[in-house]
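What's in entry-v2.cif: mmCIF, C-alpha atoms and all ligand atoms
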```cif
data_target
loop_
_atom_site.group_PDB
_atom_site.id
_atom_site.type_symbol
_atom_site.label_atom_id
_atom_site.label_comp_id
_atom_site.auth_asym_id
_atom_site.auth_seq_id
_atom_site.Cartn_x
_atom_site.Cartn_y
_atom_site.Cartn_z
ATOM 1 C CA MET A 1 224.245 231.569 263.024
ATOM 2 C CA HIS A 2 223.555 234.416 260.637
ATOM 3 C CA ASN A 3 227.319 234.876 260.111
ATOM 4 C CA LEU A 4 227.696 231.160 259.494
ATOM 5 C CA THR A 5 224.924 231.264 256.868
ATOM 6 C CA MET A 6 226.543 234.346 255.340
ATOM 7 C CA SER A 7 229.950 232.725 255.180
ATOM 8 C CA ARG A 8 228.425 229.572 253.641
ATOM 9 C CA HIS A 9 226.550 231.766 251.197
ATOM 10 C CA ASN A 10 229.716 233.733 250.356
ATOM 11 C CA GLY A 11 231.669 230.483 250.108
ATOM 12 C CA SER A 12 229.229 229.019 247.592
ATOM 13 C CA GLU A 13 229.209 232.312 245.653
ATOM 14 C CA LEU A 14 233.005 232.207 245.569
ATOM 15 C CA HIS A 15 232.869 228.587 244.425
ATOM 16 C CA ILE A 16 230.433 229.477 241.615
ATOM 17 C CA LEU A 17 232.669 232.415 240.633
ATOM 18 C CA CYS A 18 235.748 230.164 240.624
ATOM 19 C CA SER A 19 233.914 227.523 238.609
ATOM 20 C CA SER A 20 232.683 230.092 236.122
ATOM 21 C CA GLY A 21 236.256 231.439 235.956
ATOM 22 C CA HIS A 22 237.376 227.900 235.242
ATOM 23 C CA LEU A 23 234.752 227.518 232.507
ATOM 24 C CA PHE A 24 235.531 231.008 231.235
ATOM 25 C CA LEU A 25 239.127 230.112 230.364
ATOM 26 C CA GLN A 26 238.493 226.520 229.217
ATOM 27 C CA PRO A 27 237.547 227.376 225.573
ATOM 28 C CA LEU A 28 240.656 229.565 225.258
ATOM 29 C CA TRP A 29 242.836 226.863 226.798
ATOM 30 C CA ASP A 30 241.257 224.141 224.589
ATOM 31 C CA ARG A 31 242.018 226.305 221.531
ATOM 32 C CA LEU A 32 245.619 226.861 222.645
ATOM 33 C CA ARG A 33 246.064 223.126 223.280
ATOM 34 C CA THR A 34 245.257 222.393 219.633
ATOM 35 C CA TRP A 35 248.603 224.140 218.978
ATOM 36 C CA GLU A 36 250.370 222.041 221.628
ATOM 37 C CA ALA A 37 253.130 220.922 219.239
ATOM 38 C CA LEU A 38 253.897 224.584 218.488
ATOM 39 C CA ILE A 39 253.691 225.704 222.134
ATOM 40 C CA GLN A 40 255.893 222.821 223.293
ATOM 41 C CA SER A 41 258.477 223.408 220.566
ATOM 42 C CA PRO A 42 261.892 224.715 221.739
ATOM 43 C CA PHE A 43 261.456 227.723 219.431
ATOM 44 C CA PHE A 44 258.185 228.886 221.000
ATOM 45 C CA PRO A 45 259.514 230.740 224.109
ATOM 46 C CA VAL A 46 262.070 232.734 222.155
ATOM 47 C CA VAL A 47 259.690 233.579 219.270
ATOM 48 C CA PHE A 48 256.875 234.398 221.723
ATOM 49 C CA SER A 49 259.169 236.625 223.803
ATOM 50 C CA ILE A 50 260.588 238.573 220.885
ATOM 51 C CA THR A 51 257.296 239.063 219.017
ATOM 52 C CA THR A 52 255.515 240.184 222.195
ATOM 53 C CA TYR A 53 258.342 242.597 223.048
ATOM 54 C CA VAL A 54 258.728 244.082 219.555
ATOM 55 C CA GLY A 55 254.920 244.133 219.148
ATOM 56 C CA PHE A 56 254.574 246.215 222.329
ATOM 57 C CA CYS A 57 257.478 248.516 221.345
ATOM 58 C CA LEU A 58 256.280 249.139 217.799
ATOM 59 C CA PRO A 59 253.334 251.496 218.601
ATOM 60 C CA PHE A 60 255.695 253.678 220.671
ATOM 61 C CA VAL A 61 258.279 253.704 217.852
ATOM 62 C CA VAL A 62 255.523 254.877 215.473
ATOM 63 C CA LEU A 63 254.413 257.544 218.004
ATOM 64 C CA ASP A 64 258.023 258.783 218.278
ATOM 65 C CA ILE A 65 258.270 258.991 214.469
ATOM 66 C CA ILE A 66 254.997 260.912 214.009
ATOM 67 C CA CYS A 67 255.392 263.064 217.140
ATOM 68 C CA PRO A 68 257.082 266.041 215.383
ATOM 69 C CA TRP A 69 254.039 266.327 213.074
ATOM 70 C CA VAL A 70 251.390 265.715 215.755
ATOM 71 C CA PRO A 71 251.818 268.434 218.417
ATOM 72 C CA ALA A 72 248.929 267.014 220.505
ATOM 73 C CA LEU A 73 251.101 263.971 221.278
ATOM 74 C CA ARG A 74 253.802 266.069 222.914
ATOM 75 C CA ARG A 75 251.683 266.781 226.002
ATOM 76 C CA TYR A 76 251.839 263.062 226.828
ATOM 77 C CA LYS A 77 255.612 262.882 226.410
ATOM 78 C CA ILE A 78 257.665 263.054 229.601
ATOM 79 C CA HIS A 79 260.451 264.731 227.588
ATOM 80 C CA PRO A 80 258.493 266.575 224.873
ATOM 81 C CA ASP A 81 261.585 267.567 222.906
ATOM 82 C CA PHE A 82 263.159 264.111 222.839
ATOM 83 C CA SER A 83 262.702 261.559 220.077
ATOM 84 C CA PRO A 84 265.094 258.628 219.729
ATOM 85 C CA SER A 85 267.167 258.688 216.562
ATOM 86 C CA VAL A 86 267.688 255.720 214.235
ATOM 87 C CA ARG A 87 271.231 255.512 215.637
ATOM 88 C CA GLN A 88 269.690 254.919 219.080
ATOM 89 C CA LEU A 89 266.883 252.605 217.954
ATOM 90 C CA LEU A 90 268.885 250.189 215.788
ATOM 91 C CA PRO A 91 271.520 249.161 218.386
ATOM 92 C CA CYS A 92 268.697 248.508 220.887
ATOM 93 C CA LEU A 93 266.790 246.315 218.439
ATOM 94 C CA GLY A 94 270.011 244.596 217.347
ATOM 95 C CA LEU A 95 271.015 243.816 220.937
ATOM 96 C CA THR A 96 267.568 242.390 221.713
ATOM 97 C CA LEU A 97 267.754 240.074 218.671
ATOM 98 C CA TYR A 98 271.340 239.082 219.536
ATOM 99 C CA HIS A 99 270.408 238.288 223.169
ATOM 100 C CA HIS A 100 267.433 236.192 222.092
ATOM 101 C CA VAL A 101 269.409 234.166 219.541
ATOM 102 C CA VAL A 102 272.707 233.762 221.417
ATOM 103 C CA PHE A 103 271.569 233.502 225.059
ATOM 104 C CA ILE A 104 267.819 233.033 225.486
ATOM 105 C CA PHE A 105 267.359 230.372 222.783
ATOM 106 C CA PRO A 106 270.110 228.035 224.126
ATOM 107 C CA MET A 107 268.659 228.405 227.652
ATOM 108 C CA THR A 108 265.134 227.530 226.511
ATOM 109 C CA LEU A 109 266.583 224.639 224.476
ATOM 110 C CA LEU A 110 268.251 223.264 227.631
ATOM 111 C CA HIS A 111 264.974 223.638 229.522
ATOM 112 C CA TRP A 112 263.125 221.893 226.671
ATOM 113 C CA VAL A 113 265.560 218.948 226.746
ATOM 114 C CA ALA A 114 265.344 218.678 230.555
ATOM 115 C CA SER A 115 261.566 218.820 230.977
ATOM 116 C CA ARG A 116 258.829 218.236 228.453
ATOM 117 C CA ALA A 117 255.676 217.746 230.525
ATOM 118 C CA PRO A 118 252.456 217.609 228.471
ATOM 119 C CA LEU A 119 250.065 220.546 228.835
ATOM 120 C CA PRO A 120 247.343 219.887 231.443
ATOM 121 C CA PRO A 121 243.844 219.401 229.939
ATOM 122 C CA GLU A 122 242.132 221.701 232.463
ATOM 123 C CA ALA A 123 242.300 225.492 232.258
ATOM 124 C CA PRO A 124 243.177 227.422 235.421
ATOM 125 C CA GLU A 125 240.499 229.320 237.338
ATOM 126 C CA LEU A 126 240.222 232.989 236.450
ATOM 127 C CA LEU A 127 240.708 234.134 240.063
ATOM 128 C CA GLN A 128 243.739 231.908 240.462
ATOM 129 C CA VAL A 129 245.290 233.359 237.276
ATOM 130 C CA ALA A 130 244.723 236.915 238.564
ATOM 131 C CA ARG A 131 246.113 236.004 242.015
ATOM 132 C CA HIS A 132 249.201 234.303 240.583
ATOM 133 C CA VAL A 133 249.941 237.115 238.107
ATOM 134 C CA VAL A 134 249.735 239.735 240.903
ATOM 135 C CA PHE A 135 251.927 237.589 243.243
ATOM 136 C CA CYS A 136 254.468 237.028 240.448
ATOM 137 C CA LEU A 137 254.593 240.775 239.746
ATOM 138 C CA LEU A 138 255.027 241.599 243.458
ATOM 139 C CA LEU A 139 257.814 239.007 243.815
ATOM 140 C CA PHE A 140 259.533 240.148 240.604
ATOM 141 C CA ASP A 141 259.308 243.751 241.806
ATOM 142 C CA ALA A 142 260.907 242.853 245.189
ATOM 143 C CA GLU A 143 263.675 240.743 243.630
ATOM 144 C CA PHE A 144 264.562 243.329 241.034
ATOM 145 C CA PHE A 145 264.439 246.088 243.684
ATOM 146 C CA VAL A 146 267.181 244.308 245.734
ATOM 147 C CA TRP A 147 269.224 243.599 242.569
ATOM 148 C CA HIS A 148 268.803 247.171 241.359
ATOM 149 C CA VAL A 149 269.762 248.851 244.671
ATOM 150 C CA LEU A 150 272.867 246.626 244.908
ATOM 151 C CA HIS A 151 273.874 247.440 241.319
ATOM 152 C CA HIS A 152 273.623 251.169 242.043
ATOM 153 C CA LYS A 153 275.258 251.174 245.489
ATOM 154 C CA VAL A 154 278.286 249.007 244.606
ATOM 155 C CA PRO A 155 280.295 250.981 242.008
ATOM 156 C CA TRP A 156 281.910 247.865 240.516
ATOM 157 C CA LEU A 157 278.508 246.221 239.978
ATOM 158 C CA TYR A 158 277.147 249.419 238.435
ATOM 159 C CA ARG A 159 280.080 249.892 236.064
ATOM 160 C CA SER A 160 280.254 246.248 235.034
ATOM 161 C CA PHE A 161 276.607 245.275 234.713
ATOM 162 C CA HIS A 162 274.051 248.076 234.998
ATOM 163 C CA LYS A 163 275.650 251.182 233.451
ATOM 164 C CA MET A 164 274.736 249.915 230.005
ATOM 165 C CA HIS A 165 271.002 250.214 230.743
ATOM 166 C CA HIS A 166 271.544 253.827 231.847
ATOM 167 C CA GLN A 167 273.183 254.793 228.577
ATOM 168 C CA ASN A 168 269.874 256.354 227.486
ATOM 169 C CA SER A 169 269.005 259.000 230.095
ATOM 170 C CA SER A 170 265.719 259.769 228.305
ATOM 171 C CA SER A 171 264.335 256.318 227.794
ATOM 172 C CA PHE A 172 262.263 255.000 224.901
ATOM 173 C CA ALA A 173 260.431 251.712 224.367
ATOM 174 C CA LEU A 174 263.210 249.831 222.571
ATOM 175 C CA ALA A 175 265.695 250.821 225.318
ATOM 176 C CA THR A 176 263.801 248.521 227.734
ATOM 177 C CA GLN A 177 265.956 245.498 226.924
ATOM 178 C CA TYR A 178 269.163 247.446 226.308
ATOM 179 C CA VAL A 179 270.893 245.616 229.173
ATOM 180 C CA SER A 180 274.087 243.682 229.857
ATOM 181 C CA VAL A 181 274.099 239.882 229.618
ATOM 182 C CA TRP A 182 274.236 239.600 233.434
ATOM 183 C CA GLU A 183 271.187 241.890 233.784
ATOM 184 C CA LEU A 184 269.416 239.871 231.077
ATOM 185 C CA PHE A 185 270.018 236.610 232.953
ATOM 186 C CA SER A 186 269.075 238.140 236.310
ATOM 187 C CA LEU A 187 265.784 239.459 234.917
ATOM 188 C CA GLY A 188 265.131 236.137 233.167
ATOM 189 C CA PHE A 189 265.833 234.239 236.397
ATOM 190 C CA PHE A 190 263.456 236.434 238.455
ATOM 191 C CA ASP A 191 260.895 236.104 235.681
ATOM 192 C CA MET A 192 261.029 232.285 235.719
ATOM 193 C CA VAL A 193 261.657 231.439 239.390
ATOM 194 C CA ASN A 194 258.389 232.935 240.648
ATOM 195 C CA VAL A 195 256.145 230.998 238.261
ATOM 196 C CA LEU A 196 257.979 227.812 239.332
ATOM 197 C CA LEU A 197 257.710 228.684 243.057
ATOM 198 C CA LEU A 198 253.978 229.356 242.770
ATOM 199 C CA ARG A 199 253.488 226.304 240.478
ATOM 200 C CA CYS A 200 251.625 228.454 237.979
ATOM 201 C CA HIS A 201 249.514 226.900 235.242
ATOM 202 C CA PRO A 202 251.159 227.209 231.765
ATOM 203 C CA LEU A 203 248.411 229.633 230.704
ATOM 204 C CA THR A 204 249.166 231.791 233.769
ATOM 205 C CA VAL A 205 252.873 231.699 232.852
ATOM 206 C CA LEU A 206 252.059 232.987 229.357
ATOM 207 C CA ILE A 207 249.778 235.722 230.717
ATOM 208 C CA PHE A 208 252.375 236.759 233.333
ATOM 209 C CA HIS A 209 255.080 237.039 230.669
ATOM 210 C CA VAL A 210 252.843 239.173 228.455
ATOM 211 C CA VAL A 211 251.932 241.450 231.405
ATOM 212 C CA ASN A 212 255.563 241.671 232.551
ATOM 213 C CA ILE A 213 256.837 242.531 229.058
ATOM 214 C CA TRP A 214 254.088 245.149 228.615
ATOM 215 C CA LEU A 215 254.789 246.813 231.992
ATOM 216 C CA SER A 216 258.542 246.935 231.347
ATOM 217 C CA VAL A 217 258.012 248.477 227.884
ATOM 218 C CA GLU A 218 255.489 250.971 229.286
ATOM 219 C CA ASP A 219 258.034 251.889 232.026
ATOM 220 C CA HIS A 220 260.529 252.950 229.350
ATOM 221 C CA SER A 221 258.106 254.269 226.716
ATOM 222 C CA GLY A 222 258.502 257.933 227.686
ATOM 223 C CA TYR A 223 254.729 258.437 227.309
ATOM 224 C CA ASP A 224 252.481 259.207 230.285
ATOM 225 C CA PHE A 225 248.961 258.640 228.963
ATOM 226 C CA PRO A 226 245.700 258.968 230.965
ATOM 227 C CA TRP A 227 245.411 255.161 230.685
ATOM 228 C CA SER A 228 248.993 254.432 231.803
ATOM 229 C CA THR A 229 249.054 251.735 234.493
ATOM 230 C CA HIS A 230 250.152 254.082 237.291
ATOM 231 C CA ARG A 231 247.012 256.170 236.686
ATOM 232 C CA LEU A 232 244.769 253.083 236.891
ATOM 233 C CA VAL A 233 246.188 251.612 240.138
ATOM 234 C CA PRO A 234 244.873 253.596 243.159
ATOM 235 C CA PHE A 235 246.666 255.193 246.157
ATOM 236 C CA GLY A 236 249.967 255.712 244.313
ATOM 237 C CA TRP A 237 250.830 252.020 244.807
ATOM 238 C CA TYR A 238 252.210 251.798 241.286
ATOM 239 C CA GLY A 239 255.057 254.015 240.043
ATOM 240 C CA GLY A 240 255.235 253.048 236.387
ATOM 241 C CA VAL A 241 256.571 255.164 233.548
ATOM 242 C CA ALA A 242 256.749 258.497 235.410
ATOM 243 C CA HIS A 243 258.723 256.988 238.316
ATOM 244 C CA HIS A 244 261.040 254.850 236.203
ATOM 245 C CA ASP A 245 261.814 257.763 233.927
ATOM 246 C CA MET A 246 262.944 259.707 237.027
ATOM 247 C CA HIS A 247 265.214 256.791 237.905
ATOM 248 C CA HIS A 248 266.812 257.047 234.468
ATOM 249 C CA SER A 249 267.406 260.786 234.808
ATOM 250 C CA GLN A 250 268.349 260.945 238.531
ATOM 251 C CA PHE A 251 269.876 257.471 239.249
ATOM 252 C CA ASN A 252 269.390 257.588 243.062
ATOM 253 C CA CYS A 253 265.636 257.078 243.388
ATOM 254 C CA ASN A 254 262.750 254.797 242.390
ATOM 255 C CA PHE A 255 264.665 251.522 242.253
ATOM 256 C CA ALA A 256 261.586 249.269 242.104
ATOM 257 C CA PRO A 257 260.437 248.732 238.525
ATOM 258 C CA TYR A 258 256.697 248.719 239.163
ATOM 259 C CA PHE A 259 255.301 249.263 242.670
ATOM 260 C CA THR A 260 256.198 252.038 245.113
ATOM 261 C CA HIS A 261 256.166 250.291 248.548
ATOM 262 C CA TRP A 262 259.842 249.215 248.625
ATOM 263 C CA ASP A 263 261.121 252.682 247.700
ATOM 264 C CA ARG A 264 258.691 254.217 250.222
ATOM 265 C CA ILE A 265 259.994 251.924 253.007
ATOM 266 C CA LEU A 266 263.657 252.617 252.159
ATOM 267 C CA GLY A 267 263.135 256.348 251.617
ATOM 268 C CA THR A 268 264.175 256.249 247.958
ATOM 269 C CA LEU A 269 260.771 257.115 246.521
ATOM 270 C CA GLN A 270 260.692 260.302 244.494
ATOM 271 C CA SER A 271 257.209 261.219 243.464
ATOM 272 C CA ALA A 272 256.999 262.012 239.785
ATOM 273 C CA HIS A 273 253.756 263.912 240.369
ATOM 274 C CA ALA A 274 255.526 266.414 242.620
ATOM 275 C CA LYS A 275 257.779 267.375 239.725
HETATM 276 ZN ZN ZN B 301 269.207 251.722 237.433
HETATM 277 ZN ZN ZN B 302 265.136 251.202 232.973
#
```
Output the file's structure in the form of structure tokens.
Amino acid sequence: MHNLTMSRHNGSELHILCSSGHLFLQPLWDRLRTWEALIQSPFFPVVFSITTYVGFCLPFVVLDIICPWVPALRRYKIHPDFSPSVRQLLPCLGLTLYHHVVFIFPMTLLHWVASRAPLPPEAPELLQVARHVVFCLLLFDAEFFVWHVLHHKVPWLYRSFHKMHHQNSSSFALATQYVSVWELFSLGFFDMVNVLLLRCHPLTVLIFHVVNIWLSVEDHSGYDFPWSTHRLVPFGWYGGVAHHDMHHSQFNCNFAPYFTHWDRILGTLQSAHAK
């Protein structure tokens, strides 16, 4: 009886929390919906993607530029003596712009022509957004892990499609999207398929893309700060920048982009903290 009362009590608390989460996001969603014409335009996904990506890379580019004059920064660098040169930065930025204009824009245009559903009036619940973003990240991590292992274990796949991303053995933020067209489409497919599978709210889709772009840039940034994601997630569940940097320098370990469980299960986890 007591348990039943407790569960009812917890249930109503959860309901109130969900409702408040719903109300919490409604003003933000109402504001975004006033820009519906902009959000629904075929240019929005490509402009949103590139500005978010370059916006997240820019602080790291600035840090790399000022690093030689700010010795305190070097203790946070995984490779303290490495700073990307202009000859490394420009091709990366150029390739990202080229990919967005030549490949991503036509794909989003096709999607825009095929489906133009109006934005729903109701905001998603806060807990549902958090749940969906975590599920999407876990699914993306698993899908990319399989893709990544295959593209390292099959020499033809590595040479043809993944070697390009390994051109920079000490990675830097703008090297995140230095990938072949096939890798670009694979990542884009994994990115999109999960939000469709989980029937995510458009606001959740936006938030997931922002989180995914941030985590991928952080993975390649070369900076291991006290607030880096792998230091915030407990029990070593998240590998992040330290683990992915080891993948770039050693090739045969840490194939999952974010979490550590798949590499732990397959015995390919190399702890960056043991280094
Ligand atoms: Zn790789
Ligand atoms: Zn990488």
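Atom CA of A:Leu28 to atom CA of A:Leu203 spans 9.5 Å [interatomic distance, one decimal].
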Can you work out which residues are within 9 Å of ligand ZN 302 (chain B), considering only C-alpha atoms and all ligand atoms, and then hand them over as a PDB file with C-alpha atoms, in the coordinates of the input?
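Result file out_18.pdb:
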```pdb
ATOM      1  CA  HIS A 165     271.002 250.214 230.743  1.00  0.00           C
ATOM      2  CA  HIS A 166     271.544 253.827 231.847  1.00  0.00           C
ATOM      3  CA  ASN A 168     269.874 256.354 227.486  1.00  0.00           C
ATOM      4  CA  SER A 171     264.335 256.318 227.794  1.00  0.00           C
ATOM      5  CA  ALA A 175     265.695 250.821 225.318  1.00  0.00           C
ATOM      6  CA  THR A 176     263.801 248.521 227.734  1.00  0.00           C
ATOM      7  CA  GLN A 177     265.956 245.498 226.924  1.00  0.00           C
ATOM      8  CA  TYR A 178     269.163 247.446 226.308  1.00  0.00           C
ATOM      9  CA  VAL A 179     270.893 245.616 229.173  1.00  0.00           C
ATOM     10  CA  SER A 216     258.542 246.935 231.347  1.00  0.00           C
ATOM     11  CA  ASP A 219     258.034 251.889 232.026  1.00  0.00           C
ATOM     12  CA  HIS A 220     260.529 252.950 229.350  1.00  0.00           C
ATOM     13  CA  HIS A 244     261.040 254.850 236.203  1.00  0.00           C
ATOM     14  CA  ASP A 245     261.814 257.763 233.927  1.00  0.00           C
ATOM     15  CA  HIS A 247     265.214 256.791 237.905  1.00  0.00           C
ATOM     16  CA  HIS A 248     266.812 257.047 234.468  1.00  0.00           C
ATOM     17  CA  PRO A 257     260.437 248.732 238.525  1.00  0.00           C
TER      18      PRO A 257
END
```
Residue with smallest distance to ligand ZN 301 (chain B) - pool A:Ser169, A:Thr229, A:Asn194, A:Asn212, counting only C-alpha atoms and all ligand atoms: A:Ser169
Give me, as JSON lines, each residue of chain A that comes within 10 Å of ligand ZN 301 (chain B), together with its shortest interatomic pair and the distance in Å at one decimal, counting all atoms listed in the file, with rows ordered by chain and rising residue number.
```
{"residue": "A:Phe145", "atom": "CA", "partner": "B:ZN301", "partner_atom": "ZN", "distance": 9.7}
{"residue": "A:Trp147", "atom": "CA", "partner": "B:ZN301", "partner_atom": "ZN", "distance": 9.6}
{"residue": "A:His148", "atom": "CA", "partner": "B:ZN301", "partner_atom": "ZN", "distance": 6.0}
{"residue": "A:Val149", "atom": "CA", "partner": "B:ZN301", "partner_atom": "ZN", "distance": 7.8}
{"residue": "A:Leu150", "atom": "CA", "partner": "B:ZN301", "partner_atom": "ZN", "distance": 9.8}
{"residue": "A:His151", "atom": "CA", "partner": "B:ZN301", "partner_atom": "ZN", "distance": 7.4}
{"residue": "A:His152", "atom": "CA", "partner": "B:ZN301", "partner_atom": "ZN", "distance": 6.4}
{"residue": "A:Tyr158", "atom": "CA", "partner": "B:ZN301", "partner_atom": "ZN", "distance": 8.3}
{"residue": "A:His162", "atom": "CA", "partner": "B:ZN301", "partner_atom": "ZN", "distance": 6.5}
{"residue": "A:Lys163", "atom": "CA", "partner": "B:ZN301", "partner_atom": "ZN", "distance": 7.6}
{"residue": "A:Met164", "atom": "CA", "partner": "B:ZN301", "partner_atom": "ZN", "distance": 9.4}
{"residue": "A:His165", "atom": "CA", "partner": "B:ZN301", "partner_atom": "ZN", "distance": 7.1}
{"residue": "A:His166", "atom": "CA", "partner": "B:ZN301", "partner_atom": "ZN", "distance": 6.4}
{"residue": "A:His244", "atom": "CA", "partner": "B:ZN301", "partner_atom": "ZN", "distance": 8.8}
{"residue": "A:His247", "atom": "CA", "partner": "B:ZN301", "partner_atom": "ZN", "distance": 6.5}
{"residue": "A:His248", "atom": "CA", "partner": "B:ZN301", "partner_atom": "ZN", "distance": 6.5}
{"residue": "A:Ser249", "atom": "CA", "partner": "B:ZN301", "partner_atom": "ZN", "distance": 9.6}
{"residue": "A:Gln250", "atom": "CA", "partner": "B:ZN301", "partner_atom": "ZN", "distance": 9.3}
{"residue": "A:Phe251", "atom": "CA", "partner": "B:ZN301", "partner_atom": "ZN", "distance": 6.1}
{"residue": "A:Asn252", "atom": "CA", "partner": "B:ZN301", "partner_atom": "ZN", "distance": 8.1}
{"residue": "A:Cys253", "atom": "CA", "partner": "B:ZN301", "partner_atom": "ZN", "distance": 8.8}
{"residue": "A:Asn254", "atom": "CA", "partner": "B:ZN301", "partner_atom": "ZN", "distance": 8.7}
{"residue": "A:Phe255", "atom": "CA", "partner": "B:ZN301", "partner_atom": "ZN", "distance": 6.6}
{"residue": "A:Ala256", "atom": "CA", "partner": "B:ZN301", "partner_atom": "ZN", "distance": 9.3}
{"residue": "A:Pro257", "atom": "CA", "partner": "B:ZN301", "partner_atom": "ZN", "distance": 9.3}
```
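With only C-alpha atoms as the atoms that count, the minimum distance from A:Val217 to the choices A:Pro121, A:Leu157, A:Ser271, A:Ala173 is reached by A:Ala173.
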